[in-house]
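Structure file data.cif with mmCIF, C-alpha atoms and all ligand atoms:
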data_structure
#
loop_
_atom_site.label_atom_id
_atom_site.label_comp_id
_atom_site.auth_asym_id
_atom_site.auth_seq_id
_atom_site.Cartn_x
_atom_site.Cartn_y
_atom_site.Cartn_z
CA MET D 1 -92.24 -129.73 -93.82
CA SER D 2 -91.41 -126.65 -95.92
CA GLU D 3 -87.82 -125.75 -96.84
CA ALA D 4 -87.81 -122.86 -94.33
CA GLU D 5 -89.09 -125.15 -91.56
CA ALA D 6 -86.44 -127.74 -92.41
CA THR D 7 -83.71 -125.07 -92.17
CA ASP D 8 -85.06 -123.93 -88.80
CA ILE D 9 -85.05 -127.49 -87.49
CA THR D 10 -81.49 -128.04 -88.71
CA ARG D 11 -80.41 -124.85 -86.90
CA PHE D 12 -82.31 -125.94 -83.77
CA ARG D 13 -80.53 -129.32 -83.88
CA THR D 14 -77.09 -127.69 -84.08
CA GLU D 15 -77.86 -125.31 -81.21
CA THR D 16 -79.39 -128.07 -79.08
CA ARG D 17 -76.39 -130.34 -79.60
CA ALA D 18 -74.02 -127.53 -78.59
CA TRP D 19 -76.10 -126.68 -75.52
CA LEU D 20 -76.27 -130.30 -74.37
CA GLU D 21 -72.55 -130.71 -74.97
CA ALA D 22 -71.84 -127.67 -72.77
CA ASN D 23 -74.43 -128.33 -70.06
CA CYS D 24 -74.97 -132.06 -69.58
CA PRO D 25 -72.41 -133.20 -66.96
CA ALA D 26 -70.30 -136.19 -68.04
CA ALA D 27 -71.72 -138.29 -65.18
CA MET D 28 -75.23 -137.74 -66.57
CA ARG D 29 -74.17 -139.22 -69.92
CA ARG D 30 -73.17 -142.60 -68.51
CA PRO D 31 -75.65 -145.48 -68.73
CA MET D 32 -77.73 -145.90 -65.58
CA THR D 33 -76.75 -148.95 -63.59
CA SER D 34 -79.67 -149.15 -61.16
CA GLU D 35 -82.91 -147.47 -60.17
CA ASP D 36 -80.89 -145.40 -57.71
CA ASP D 37 -79.53 -143.39 -60.66
CA ILE D 38 -83.01 -141.96 -61.30
CA CYS D 39 -83.87 -138.45 -60.11
CA TRP D 40 -87.45 -138.07 -58.83
CA GLY D 41 -87.24 -134.61 -57.22
CA GLY D 42 -89.66 -133.39 -54.56
CA ARG D 43 -89.45 -131.67 -51.17
CA HIS D 44 -87.53 -134.51 -49.53
CA TRP D 45 -85.27 -135.46 -52.45
CA THR D 46 -81.58 -135.98 -51.74
CA PHE D 47 -79.54 -135.65 -54.91
CA ALA D 48 -77.25 -138.61 -55.58
CA SER D 49 -74.53 -136.22 -56.83
CA ASP D 50 -73.81 -132.59 -57.74
CA ALA D 51 -74.04 -133.65 -61.36
CA GLN D 52 -77.60 -134.87 -60.83
CA ARG D 53 -78.57 -131.57 -59.19
CA GLN D 54 -76.89 -129.44 -61.87
CA TRP D 55 -78.48 -131.40 -64.68
CA LEU D 56 -81.98 -130.96 -63.25
CA GLU D 57 -81.47 -127.25 -62.53
CA ARG D 58 -80.06 -126.49 -65.99
CA MET D 59 -82.76 -128.39 -67.83
CA ALA D 60 -85.54 -126.93 -65.67
CA GLN D 61 -84.26 -123.40 -66.21
CA ARG D 62 -84.54 -123.92 -69.96
CA GLY D 63 -87.99 -125.52 -69.60
CA TRP D 64 -86.62 -128.75 -71.02
CA THR D 65 -87.82 -131.07 -68.27
CA VAL D 66 -91.17 -130.56 -70.06
CA PRO D 67 -90.03 -129.37 -73.49
CA SER D 68 -93.44 -129.05 -75.13
CA TRP D 69 -95.39 -127.46 -72.25
CA PRO D 70 -96.11 -123.74 -72.65
CA ARG D 71 -93.45 -121.42 -71.25
CA GLU D 72 -95.84 -119.73 -68.81
CA TYR D 73 -96.17 -123.05 -66.96
CA GLY D 74 -92.45 -123.78 -66.78
CA GLY D 75 -92.19 -125.59 -70.11
CA GLY D 76 -89.87 -125.07 -73.06
CA GLY D 77 -92.60 -124.06 -75.51
CA LEU D 78 -91.06 -126.33 -78.16
CA SER D 79 -92.99 -127.47 -81.23
CA PHE D 80 -93.58 -131.18 -81.79
CA ASP D 81 -90.63 -131.34 -84.23
CA GLU D 82 -88.29 -129.43 -81.93
CA ALA D 83 -89.17 -131.65 -78.95
CA LYS D 84 -88.49 -134.69 -81.13
CA VAL D 85 -85.07 -133.30 -82.10
CA LEU D 86 -84.23 -132.67 -78.43
CA ALA D 87 -85.18 -136.28 -77.55
CA GLN D 88 -83.11 -137.61 -80.48
CA GLU D 89 -80.06 -135.56 -79.53
CA MET D 90 -80.32 -136.59 -75.89
CA ARG D 91 -80.53 -140.23 -76.94
CA THR D 92 -77.54 -139.92 -79.29
CA MET D 93 -75.43 -138.35 -76.54
CA GLY D 94 -76.70 -140.80 -73.91
CA CYS D 95 -78.09 -138.00 -71.69
CA ARG D 96 -80.19 -139.29 -68.82
CA PRO D 97 -83.66 -137.82 -68.35
CA PRO D 98 -83.13 -135.01 -65.79
CA LEU D 99 -86.32 -135.90 -63.93
CA ASN D 100 -88.71 -138.83 -63.63
CA SER D 101 -92.08 -137.63 -62.49
CA PHE D 102 -95.70 -138.71 -62.30
CA GLY D 103 -96.41 -134.98 -62.47
CA ILE D 104 -94.78 -134.77 -65.90
CA TRP D 105 -96.08 -138.04 -67.30
CA MET D 106 -99.62 -138.09 -65.92
CA LEU D 107 -100.95 -135.15 -63.93
CA GLY D 108 -99.43 -132.41 -66.10
CA PRO D 109 -101.19 -133.41 -69.35
CA ALA D 110 -104.49 -133.78 -67.44
CA LEU D 111 -104.10 -130.34 -65.81
CA LEU D 112 -103.22 -128.75 -69.14
CA LYS D 113 -106.49 -130.09 -70.56
CA PHE D 114 -108.89 -129.92 -67.60
CA GLY D 115 -107.34 -127.60 -64.98
CA SER D 116 -108.40 -123.99 -64.32
CA GLU D 117 -105.88 -121.24 -65.06
CA ALA D 118 -105.20 -120.87 -61.32
CA GLN D 119 -104.62 -124.63 -60.92
CA LYS D 120 -102.23 -124.70 -63.88
CA ARG D 121 -100.23 -121.74 -62.55
CA GLU D 122 -100.10 -123.26 -59.08
CA HIS D 123 -99.02 -126.80 -59.93
CA LEU D 124 -97.37 -127.01 -63.36
CA PRO D 125 -94.23 -124.89 -62.72
CA LYS D 126 -93.50 -126.86 -59.53
CA ILE D 127 -93.78 -130.10 -61.51
CA ALA D 128 -91.50 -128.73 -64.22
CA ARG D 129 -88.83 -127.74 -61.67
CA GLY D 130 -89.08 -131.05 -59.79
CA GLU D 131 -90.13 -129.31 -56.57
CA ILE D 132 -93.20 -131.40 -55.84
CA ARG D 133 -93.33 -135.18 -56.20
CA TRP D 134 -96.77 -136.64 -57.00
CA CYS D 135 -98.35 -140.02 -56.46
CA GLN D 136 -101.45 -141.58 -58.01
CA GLY D 137 -104.44 -142.58 -55.86
CA TYR D 138 -106.52 -144.68 -58.24
CA SER D 139 -106.54 -148.38 -57.22
CA GLU D 140 -108.37 -149.68 -54.17
CA PRO D 141 -108.56 -153.17 -52.66
CA ASN D 142 -111.76 -153.85 -54.65
CA ALA D 143 -111.20 -151.52 -57.59
CA GLY D 144 -108.25 -152.29 -59.87
CA SER D 145 -109.20 -153.30 -63.42
CA ASP D 146 -112.75 -152.35 -62.47
CA LEU D 147 -111.61 -148.92 -61.34
CA ALA D 148 -115.06 -147.32 -61.43
CA SER D 149 -116.03 -149.46 -58.42
CA LEU D 150 -113.87 -147.24 -56.19
CA GLN D 151 -115.36 -146.49 -52.77
CA THR D 152 -113.19 -143.73 -51.26
CA ARG D 153 -115.77 -141.09 -50.28
CA ALA D 154 -115.55 -137.31 -50.43
CA GLU D 155 -118.32 -135.65 -48.49
CA ASP D 156 -119.31 -132.12 -49.53
CA ARG D 157 -118.92 -129.67 -46.61
CA GLY D 158 -119.49 -126.39 -48.47
CA ASP D 159 -116.07 -124.98 -49.28
CA HIS D 160 -114.27 -128.29 -48.75
CA PHE D 161 -114.60 -132.10 -48.89
CA ILE D 162 -113.93 -134.60 -46.13
CA VAL D 163 -112.26 -137.68 -47.61
CA ASN D 164 -112.37 -141.18 -46.08
CA GLY D 165 -111.23 -144.47 -47.56
CA GLN D 166 -108.26 -146.53 -48.70
CA LYS D 167 -106.07 -146.76 -51.78
CA ILE D 168 -103.62 -149.55 -52.57
CA TRP D 169 -100.51 -150.05 -54.73
CA THR D 170 -99.90 -146.29 -54.51
CA SER D 171 -96.39 -146.03 -55.97
CA TYR D 172 -94.03 -143.98 -53.78
CA ALA D 173 -96.90 -142.70 -51.60
CA ASP D 174 -94.49 -142.60 -48.66
CA LYS D 175 -92.12 -140.36 -50.62
CA ALA D 176 -94.61 -138.18 -52.47
CA ASP D 177 -95.59 -134.62 -51.51
CA TRP D 178 -99.02 -134.51 -53.15
CA ILE D 179 -101.52 -137.02 -54.53
CA PHE D 180 -103.94 -136.89 -57.47
CA CYS D 181 -106.83 -138.97 -56.31
CA LEU D 182 -110.14 -140.42 -57.49
CA VAL D 183 -112.95 -140.12 -54.95
CA ARG D 184 -116.68 -140.81 -54.97
CA THR D 185 -118.66 -137.60 -54.44
CA ASP D 186 -122.07 -139.08 -55.28
CA SER D 187 -122.89 -142.59 -54.04
CA ALA D 188 -126.38 -142.53 -55.57
CA ALA D 189 -125.15 -141.81 -59.13
CA LYS D 190 -124.09 -144.50 -61.63
CA LYS D 191 -120.58 -145.67 -60.81
CA HIS D 192 -118.81 -143.73 -63.58
CA THR D 193 -120.66 -140.47 -62.98
CA GLY D 194 -120.23 -140.17 -59.19
CA VAL D 195 -116.43 -139.94 -59.39
CA SER D 196 -114.38 -136.75 -58.89
CA PHE D 197 -110.70 -135.95 -59.39
CA VAL D 198 -109.03 -134.08 -56.50
CA LEU D 199 -105.52 -133.06 -55.47
CA PHE D 200 -104.16 -132.83 -51.94
CA ASP D 201 -101.01 -132.56 -49.91
CA MET D 202 -99.83 -135.87 -48.42
CA ALA D 203 -98.90 -133.96 -45.26
CA THR D 204 -102.60 -133.16 -44.60
CA PRO D 205 -103.74 -134.57 -41.21
CA GLY D 206 -105.47 -137.95 -41.66
CA VAL D 207 -103.25 -139.26 -44.50
CA THR D 208 -101.14 -142.31 -43.62
CA THR D 209 -99.10 -144.72 -45.74
CA LYS D 210 -97.92 -148.26 -45.16
CA PRO D 211 -95.22 -149.58 -47.54
CA ILE D 212 -95.80 -153.04 -49.12
CA LEU D 213 -92.70 -155.24 -49.33
CA LEU D 214 -92.11 -156.87 -52.71
CA ILE D 215 -90.27 -159.88 -54.13
CA SER D 216 -87.43 -157.53 -55.18
CA GLY D 217 -86.81 -156.71 -51.52
CA LYS D 218 -87.96 -153.13 -52.10
CA SER D 219 -91.18 -151.33 -51.20
CA PRO D 220 -91.96 -149.11 -54.15
CA PHE D 221 -95.61 -148.84 -53.25
CA CYS D 222 -97.98 -148.50 -50.31
CA GLU D 223 -101.38 -148.90 -48.83
CA THR D 224 -102.67 -145.35 -48.36
CA PHE D 225 -105.34 -144.47 -45.80
CA PHE D 226 -107.52 -141.36 -45.55
CA ASP D 227 -109.27 -140.58 -42.26
CA ASP D 228 -111.30 -137.36 -42.31
CA VAL D 229 -108.89 -135.63 -44.69
CA ARG D 230 -109.87 -132.04 -45.48
CA VAL D 231 -109.57 -131.16 -49.18
CA GLU D 232 -110.34 -127.61 -50.30
CA LYS D 233 -112.75 -127.30 -53.21
CA SER D 234 -110.14 -125.22 -55.05
CA ASN D 235 -108.34 -128.59 -55.46
CA LEU D 236 -111.19 -130.22 -57.37
CA ILE D 237 -110.22 -130.57 -61.05
CA GLY D 238 -113.14 -130.06 -63.42
CA LYS D 239 -116.66 -130.54 -62.04
CA ALA D 240 -117.80 -132.66 -59.09
CA GLY D 241 -118.88 -135.98 -60.61
CA GLY D 242 -116.89 -135.27 -63.81
CA GLY D 243 -113.71 -137.05 -62.73
CA TRP D 244 -114.06 -140.16 -64.87
CA ASP D 245 -113.19 -138.40 -68.16
CA ILE D 246 -110.12 -136.87 -66.50
CA ALA D 247 -109.14 -140.25 -65.04
CA LYS D 248 -109.37 -141.92 -68.47
CA TYR D 249 -107.44 -139.15 -70.20
CA LEU D 250 -104.70 -139.40 -67.59
CA LEU D 251 -104.58 -143.19 -68.06
CA THR D 252 -103.81 -142.83 -71.78
CA HIS D 253 -100.74 -140.78 -70.78
CA GLU D 254 -99.78 -143.29 -68.08
CA ARG D 255 -99.99 -146.09 -70.65
CA GLU D 256 -97.84 -144.24 -73.17
CA MET D 257 -95.34 -143.57 -70.39
CA ILE D 258 -95.15 -147.25 -69.38
CA GLY D 259 -94.98 -148.25 -73.05
CA SER D 260 -91.84 -146.16 -73.52
CA ILE D 261 -90.20 -147.40 -70.32
CA GLY D 262 -87.39 -149.20 -72.17
CA ASP D 263 -86.73 -146.14 -74.30
CA ARG D 264 -86.12 -143.95 -71.25
CA ALA D 265 -83.78 -146.35 -69.50
CA VAL D 266 -80.56 -145.01 -71.11
CA ALA D 267 -78.91 -148.34 -70.52
CA LYS D 268 -76.17 -149.86 -72.64
CA PRO D 269 -77.53 -151.68 -75.72
CA LEU D 270 -78.33 -155.27 -74.85
CA GLY D 271 -75.79 -156.68 -77.33
CA GLN D 272 -72.97 -154.72 -75.65
CA VAL D 273 -74.03 -155.84 -72.17
CA ALA D 274 -74.16 -159.46 -73.32
CA ALA D 275 -70.78 -159.18 -75.06
CA GLY D 276 -69.23 -158.05 -71.78
CA LEU D 277 -70.74 -161.02 -69.95
CA VAL D 278 -70.60 -163.87 -72.48
CA GLY D 279 -67.59 -162.80 -74.57
CA LEU D 280 -67.05 -162.84 -78.33
CA ASP D 281 -66.16 -165.65 -80.76
CA ALA D 282 -63.23 -165.61 -83.22
CA GLU D 283 -65.30 -163.58 -85.69
CA GLY D 284 -66.18 -160.91 -83.13
CA ARG D 285 -69.76 -162.10 -82.66
CA LEU D 286 -71.47 -162.88 -79.38
CA ALA D 287 -70.05 -166.26 -78.33
CA ASP D 288 -73.43 -167.83 -77.52
CA PRO D 289 -75.28 -168.33 -80.87
CA LEU D 290 -78.70 -168.94 -79.32
CA LEU D 291 -78.53 -165.81 -77.19
CA ARG D 292 -77.17 -163.91 -80.20
CA ALA D 293 -80.24 -164.83 -82.25
CA GLN D 294 -82.59 -163.87 -79.42
CA ILE D 295 -80.89 -160.50 -78.93
CA ALA D 296 -80.94 -159.82 -82.67
CA GLU D 297 -84.67 -160.58 -82.75
CA PHE D 298 -85.20 -158.34 -79.75
CA ALA D 299 -83.23 -155.48 -81.36
CA VAL D 300 -85.39 -155.69 -84.50
CA ASP D 301 -88.61 -155.68 -82.46
CA GLU D 302 -87.35 -152.78 -80.37
CA ALA D 303 -86.48 -150.74 -83.47
CA ALA D 304 -89.90 -151.50 -84.98
CA PHE D 305 -91.59 -150.46 -81.73
CA ARG D 306 -89.66 -147.17 -81.64
CA LEU D 307 -90.86 -146.42 -85.17
CA THR D 308 -94.42 -147.30 -84.12
CA MET D 309 -94.18 -144.85 -81.22
CA GLU D 310 -92.92 -142.19 -83.63
CA ARG D 311 -95.79 -142.90 -86.01
CA PHE D 312 -98.26 -142.55 -83.13
CA GLY D 313 -96.63 -139.21 -82.21
CA GLU D 314 -96.90 -137.96 -85.81
CA LEU D 315 -100.58 -138.98 -85.98
CA ALA D 316 -101.28 -137.33 -82.60
CA LYS D 317 -99.65 -134.13 -83.88
CA VAL D 318 -102.25 -133.85 -86.65
CA GLY D 319 -105.12 -135.02 -84.42
CA GLN D 320 -105.52 -138.39 -86.16
CA ALA D 321 -104.32 -140.78 -83.44
CA ASN D 322 -106.79 -143.20 -81.91
CA PRO D 323 -106.44 -142.54 -78.14
CA ALA D 324 -106.99 -146.26 -77.52
CA PHE D 325 -103.65 -146.88 -79.27
CA SER D 326 -101.98 -145.98 -75.96
CA SER D 327 -103.17 -149.46 -74.85
CA ALA D 328 -101.26 -151.07 -77.72
CA LEU D 329 -98.12 -149.11 -76.82
CA LYS D 330 -98.52 -150.04 -73.15
CA TYR D 331 -99.07 -153.72 -73.92
CA TYR D 332 -96.15 -154.13 -76.29
CA GLY D 333 -93.74 -151.79 -74.45
CA ALA D 334 -94.31 -153.74 -71.22
CA GLU D 335 -93.69 -157.07 -72.98
CA LEU D 336 -90.51 -155.72 -74.61
CA ASN D 337 -89.15 -154.42 -71.33
CA LYS D 338 -89.78 -157.77 -69.64
CA ARG D 339 -88.02 -159.54 -72.55
CA ARG D 340 -85.05 -157.12 -72.32
CA HIS D 341 -84.48 -158.05 -68.69
CA GLU D 342 -85.03 -161.79 -69.26
CA LEU D 343 -82.27 -161.64 -71.90
CA MET D 344 -80.05 -159.62 -69.57
CA MET D 345 -80.45 -162.33 -66.92
CA ALA D 346 -79.81 -165.08 -69.50
CA ALA D 347 -76.57 -163.34 -70.50
CA GLY D 348 -75.49 -162.97 -66.87
CA GLY D 349 -76.16 -166.60 -65.97
CA SER D 350 -76.16 -167.54 -62.30
CA ASP D 351 -73.96 -164.50 -61.47
CA ALA D 352 -76.89 -162.26 -62.41
CA LEU D 353 -78.86 -163.71 -59.51
CA GLU D 354 -76.38 -162.35 -56.95
CA TRP D 355 -78.40 -160.38 -54.45
CA ASP D 356 -76.23 -158.60 -51.93
CA SER D 357 -72.64 -158.42 -53.12
CA GLU D 358 -70.74 -155.21 -53.95
CA ARG D 359 -69.77 -156.83 -57.27
CA SER D 360 -73.42 -157.06 -58.32
CA ASN D 361 -74.19 -153.52 -57.14
CA HIS D 362 -76.39 -155.11 -54.48
CA GLY D 363 -78.31 -157.23 -56.91
CA ALA D 364 -79.26 -154.32 -59.19
CA ALA D 365 -79.78 -156.57 -62.24
CA ALA D 366 -81.86 -159.17 -60.41
CA ARG D 367 -83.95 -156.59 -58.56
CA THR D 368 -84.69 -154.64 -61.74
CA TRP D 369 -85.58 -157.89 -63.55
CA LEU D 370 -88.08 -158.76 -60.81
CA ARG D 371 -89.47 -155.23 -60.88
CA THR D 372 -90.24 -155.53 -64.62
CA LYS D 373 -92.73 -158.31 -63.84
CA GLY D 374 -95.06 -155.54 -62.66
CA ASN D 375 -94.95 -153.75 -66.03
CA SER D 376 -97.78 -155.87 -67.42
CA ILE D 377 -99.95 -155.09 -64.35
CA GLU D 378 -99.35 -151.39 -63.53
CA GLY D 379 -101.37 -148.83 -65.46
CA GLY D 380 -103.92 -151.53 -66.34
CA THR D 381 -103.10 -155.20 -66.92
CA SER D 382 -102.14 -156.70 -70.27
CA GLU D 383 -105.48 -158.56 -70.40
CA VAL D 384 -107.34 -155.28 -69.97
CA GLN D 385 -105.22 -153.62 -72.69
CA LEU D 386 -105.99 -156.50 -75.06
CA ASN D 387 -109.70 -155.98 -74.33
CA VAL D 388 -109.36 -152.27 -75.20
CA ILE D 389 -107.46 -153.08 -78.41
CA ALA D 390 -110.09 -155.65 -79.42
CA LYS D 391 -112.97 -153.29 -78.76
CA ARG D 392 -111.75 -149.82 -79.67
CA ILE D 393 -109.12 -150.46 -82.34
CA LEU D 394 -110.08 -153.75 -84.01
CA GLU D 395 -113.79 -153.08 -83.35
CA LEU D 396 -114.43 -156.77 -82.62
CA PRO D 397 -117.83 -157.65 -81.20
CA GLY D 398 -118.06 -157.85 -77.37
CA ALA D 399 -118.32 -161.20 -75.59
C1 LIG D 401 -95.67 -151.93 -60.03
C2 LIG D 401 -97.06 -151.41 -59.84
C3 LIG D 401 -97.26 -150.06 -59.57
C4 LIG D 401 -98.57 -149.59 -59.36
N1 LIG D 401 -98.74 -148.26 -59.04
C5 LIG D 401 -99.99 -147.79 -58.81
C6 LIG D 401 -100.17 -146.42 -58.41
O1 LIG D 401 -99.22 -145.67 -58.26
N2 LIG D 401 -101.43 -146.00 -58.16
C7 LIG D 401 -102.52 -146.81 -58.33
O2 LIG D 401 -103.63 -146.33 -58.13
N3 LIG D 401 -102.39 -148.12 -58.69
C8 LIG D 401 -101.14 -148.61 -58.94
N4 LIG D 401 -100.97 -149.94 -59.30
C9 LIG D 401 -102.13 -150.83 -59.33
C10 LIG D 401 -102.55 -151.28 -60.73
O3 LIG D 401 -103.15 -150.22 -61.45
C11 LIG D 401 -103.51 -152.47 -60.55
O4 LIG D 401 -102.77 -153.52 -59.95
C12 LIG D 401 -104.08 -152.95 -61.86
O5 LIG D 401 -104.97 -152.01 -62.40
C13 LIG D 401 -104.84 -154.31 -61.70
O6 LIG D 401 -105.76 -154.24 -60.68
P1 LIG D 401 -105.80 -155.36 -59.54
O7 LIG D 401 -104.41 -155.47 -58.99
O8 LIG D 401 -106.89 -155.00 -58.60
O9 LIG D 401 -106.11 -156.71 -60.27
P2 LIG D 401 -107.54 -157.23 -60.74
O10 LIG D 401 -108.26 -156.12 -61.42
O11 LIG D 401 -108.21 -157.90 -59.59
O12 LIG D 401 -107.11 -158.29 -61.81
C14 LIG D 401 -106.72 -159.64 -61.46
C15 LIG D 401 -106.54 -160.43 -62.74
O13 LIG D 401 -107.78 -160.50 -63.47
C16 LIG D 401 -107.61 -160.03 -64.79
N5 LIG D 401 -108.80 -159.28 -65.23
C17 LIG D 401 -109.50 -158.38 -64.51
N6 LIG D 401 -110.51 -157.89 -65.25
C18 LIG D 401 -110.44 -158.48 -66.45
C19 LIG D 401 -111.22 -158.39 -67.65
N7 LIG D 401 -112.26 -157.56 -67.76
N8 LIG D 401 -110.84 -159.15 -68.71
C20 LIG D 401 -109.76 -159.98 -68.62
N9 LIG D 401 -109.01 -160.13 -67.51
C21 LIG D 401 -109.33 -159.37 -66.45
C22 LIG D 401 -106.41 -159.09 -64.72
O14 LIG D 401 -105.78 -158.97 -66.00
C23 LIG D 401 -105.53 -159.79 -63.70
O15 LIG D 401 -104.77 -160.80 -64.33
C24 LIG D 401 -99.68 -150.46 -59.48
C25 LIG D 401 -99.45 -151.81 -59.78
C26 LIG D 401 -98.16 -152.30 -59.94
C27 LIG D 401 -97.96 -153.75 -60.25
#

Here is the file; what I need is its structure written in the form of structure tokens.
Amino acid sequence: MSEAEATDITRFRTETRAWLEANCPAAMRRPMTSEDDICWGGRHWTFASDAQRQWLERMAQRGWTVPSWPREYGGGGLSFDEAKVLAQEMRTMGCRPPLNSFGIWMLGPALLKFGSEAQKREHLPKIARGEIRWCQGYSEPNAGSDLASLQTRAEDRGDHFIVNGQKIWTSYADKADWIFCLVRTDSAAKKHTGVSFVLFDMATPGVTTKPILLISGKSPFCETFFDDVRVEKSNLIGKAGGGWDIAKYLLTHEREMIGSIGDRAVAKPLGQVAAGLVGLDAEGRLADPLLRAQIAEFAVDEAAFRLTMERFGELAKVGQANPAFSSALKYYGAELNKRRHELMMAAGGSDALEWDSERSNHGAAARTWLRTKGNSIEGGTSEVQLNVIAKRILELPGA
């Protein structure tokens, strides 16, 4: 970075800090205590508080829900270094992300790369403002790790497709407004080449969802059924039969997003949580020496992982990142997040297993701990990520 660039970044940091100080409501700077503190946006969203609404509106107006997207699509137009400064300042001040969104994490990057100008102008600003909530229609009962075996059909009817089939594990399908969906447009073609990537409104006649109840007592995902659903051709991204490349590109973003799940949580540091639960010894250290050692080891691994994510970001900035590295980030980030919650439960002891009491915030800790078990499955399982790492990064011979 040149001296002039460094001065600009220093000025940007000062201005950003002042803006956040003035605009981030105090309630949005407190650690999240449960998944209910997350803002997902969308047509049917009910804000948990005025502070949550204000925070989203202020950030969206500045384009900072998607800081590095171009301004014409609702983004902040920030450079890589500016976006990094914004993230650092938000972390230092404990600001919550204003919006969690599959549109931001997954569909947006894919649209920016593969969408037509009209598609970008139609969908990206609504994602940036949190107006439309998206879900992901990839997995099917017989197509998970082997995603290219998907069977949902889209029949060509001239200016539109008619879609029939079933998806499964569709996160928040019952709450989402639109879906980005993989469909088979050519059954005669090889399985990777007959796939297309389409978008449609979940309110279209013929779309139904059935929530699946989980061990945590919640139903964060659904079976999703399509019966003669009409999808306009203007909602086909890229070419018919060219959906596989888009699907893979989107998956690299999904994997990076899952990898950084712990980083986004804006929770209290583990050591502080444990201190509150276990207490301190005469020297001011965590009273339980075994747990203390495990938390220290975790903190070192977490710091190393954050630096690895930064290194990946720097390499991506200059076009030198191996896209398969998103699998390494996904694999390790998922393991770290599971470890974080195991340690949280260990610190809480049997009290942490409380399920329904007010005192336990209706079992928030236990429910979140159980939810993390899915981290090594969603977005592609850990075994599949290890296969990708072996093949595409380590270049080991296939079995
Ligand atoms: C919390 C959560 C949220 C999800 N959200 C969504 C969503 O919003 N949209 C969506 O489309 N999907 C979603 N999924 C589905 C997810 O993508 C699939 O569960 C995942 O890809 C695995 O597919 P599967 O469940 O069919 O398991 P399978 O593919 O049947 O795998 C079963 C087991 O076999 C192993 N295995 C399979 N193939 C190989 C191989 N080649 N080498 C080694 N081991 C292998 C797997 O690792 C796994 O242990 C979600 C899943 C979870 C848990």

Set the cut-off to 7 Å, count all atoms listed in the file, and list whatever residues fall near ligand LIG 401 (chain D) as a PyMOL selection string.
chain D and resi 135-139+141-146+167-171+221+374-375+377-384+387

One decimal place gives the CA of Met28 (chain D)-CA of Ala304 (chain D) separation as 27.3 Å

May I have the residues within 7 Å of Ala128 (chain D) as a PyMOL selection string, using all atoms listed in the file and disregarding those fewer than 4 positions away in the same chain?
chain D and resi 60+65-66+74-75+124

Write the residues you've just listed into a file as a PDB file, in the coordinates of the input, and include C-alpha atoms for each of them.
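Generated file (selection_28.pdb):
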ATOM      1  CA  ALA D  60     -85.540-126.930 -65.670  1.00  0.00           C
ATOM      2  CA  THR D  65     -87.820-131.070 -68.270  1.00  0.00           C
ATOM      3  CA  VAL D  66     -91.170-130.560 -70.060  1.00  0.00           C
ATOM      4  CA  GLY D  74     -92.450-123.780 -66.780  1.00  0.00           C
ATOM      5  CA  GLY D  75     -92.190-125.590 -70.110  1.00  0.00           C
ATOM      6  CA  LEU D 124     -97.370-127.010 -63.360  1.00  0.00           C
TER       7      LEU D 124
END

Which polymer residues, protein or nucleic acid, are no farther than 6 Å from (-76.3, -141.7, -68.7), counting all atoms listed in the file, as a VMD selection string?
chain D and resid 28 to 32 94 to 96 266

Dump of C-alpha atoms for the selected residues, as a PDB file, keeping the file's coordinate frame:
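Okay, selection-v3.pdb is ready:
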ATOM      1  CA  MET D  28     -75.230-137.740 -66.570  1.00  0.00           C
ATOM      2  CA  ARG D  29     -74.170-139.220 -69.920  1.00  0.00           C
ATOM      3  CA  ARG D  30     -73.170-142.600 -68.510  1.00  0.00           C
ATOM      4  CA  PRO D  31     -75.650-145.480 -68.730  1.00  0.00           C
ATOM      5  CA  MET D  32     -77.730-145.900 -65.580  1.00  0.00           C
ATOM      6  CA  GLY D  94     -76.700-140.800 -73.910  1.00  0.00           C
ATOM      7  CA  CYS D  95     -78.090-138.000 -71.690  1.00  0.00           C
ATOM      8  CA  ARG D  96     -80.190-139.290 -68.820  1.00  0.00           C
ATOM      9  CA  VAL D 266     -80.560-145.010 -71.110  1.00  0.00           C
TER      10      VAL D 266
END

CA of Ile132 (chain D) to CA of Asp177 (chain D) measures 5.9 Å

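Checking D:Ile215, D:Ala347, D:Ile9, D:Leu370 one by one against Phe80 (chain D), counting all atoms listed in the file, you find the shortest gap at D:Ile9.
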
For Phe305 (chain D), work out the shell of residues within 10 Å, counting only C-alpha atoms and skipping chain neighbours fewer than 6 positions away, then give it as a VMD selection string.
chain D and resid 259 to 260 263 299 311 329 332 to 333 336

Written selection (C-alpha atoms) as a compact mmCIF listing (two decimals), keeping the file's coordinate frame:
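Everything below was put into part-v8.txt:
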# COMPACT_ATOMS: atom_id res chain seq x y z
CA GLY D 259 -94.98 -148.25 -73.05
CA SER D 260 -91.84 -146.16 -73.52
CA ASP D 263 -86.73 -146.14 -74.30
CA ALA D 299 -83.23 -155.48 -81.36
CA ARG D 311 -95.79 -142.90 -86.01
CA LEU D 329 -98.12 -149.11 -76.82
CA TYR D 332 -96.15 -154.13 -76.29
CA GLY D 333 -93.74 -151.79 -74.45
CA LEU D 336 -90.51 -155.72 -74.61

I'd like the neighbourhood of region 105-117 of chain D as a PyMOL selection string, where a residue qualifies if any of its atoms comes within 10 Å (using all atoms listed in the file), though same-chain residues fewer than 3 positions away should be ignored.
chain D and resi 66+69-70+73+100-102+120-125+127-128+134-136+179-180+199+234-239+243+245-258

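Pairwise distance (CA of Val207 (chain D), CA of Phe226 (chain D)) equals 4.9 Å.
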
Nearest to Arg306 (chain D), chosen from D:Ala366, D:Pro211, D:Ala352, D:Gly262, with all atoms listed in the file counted in the distances:
D:Gly262
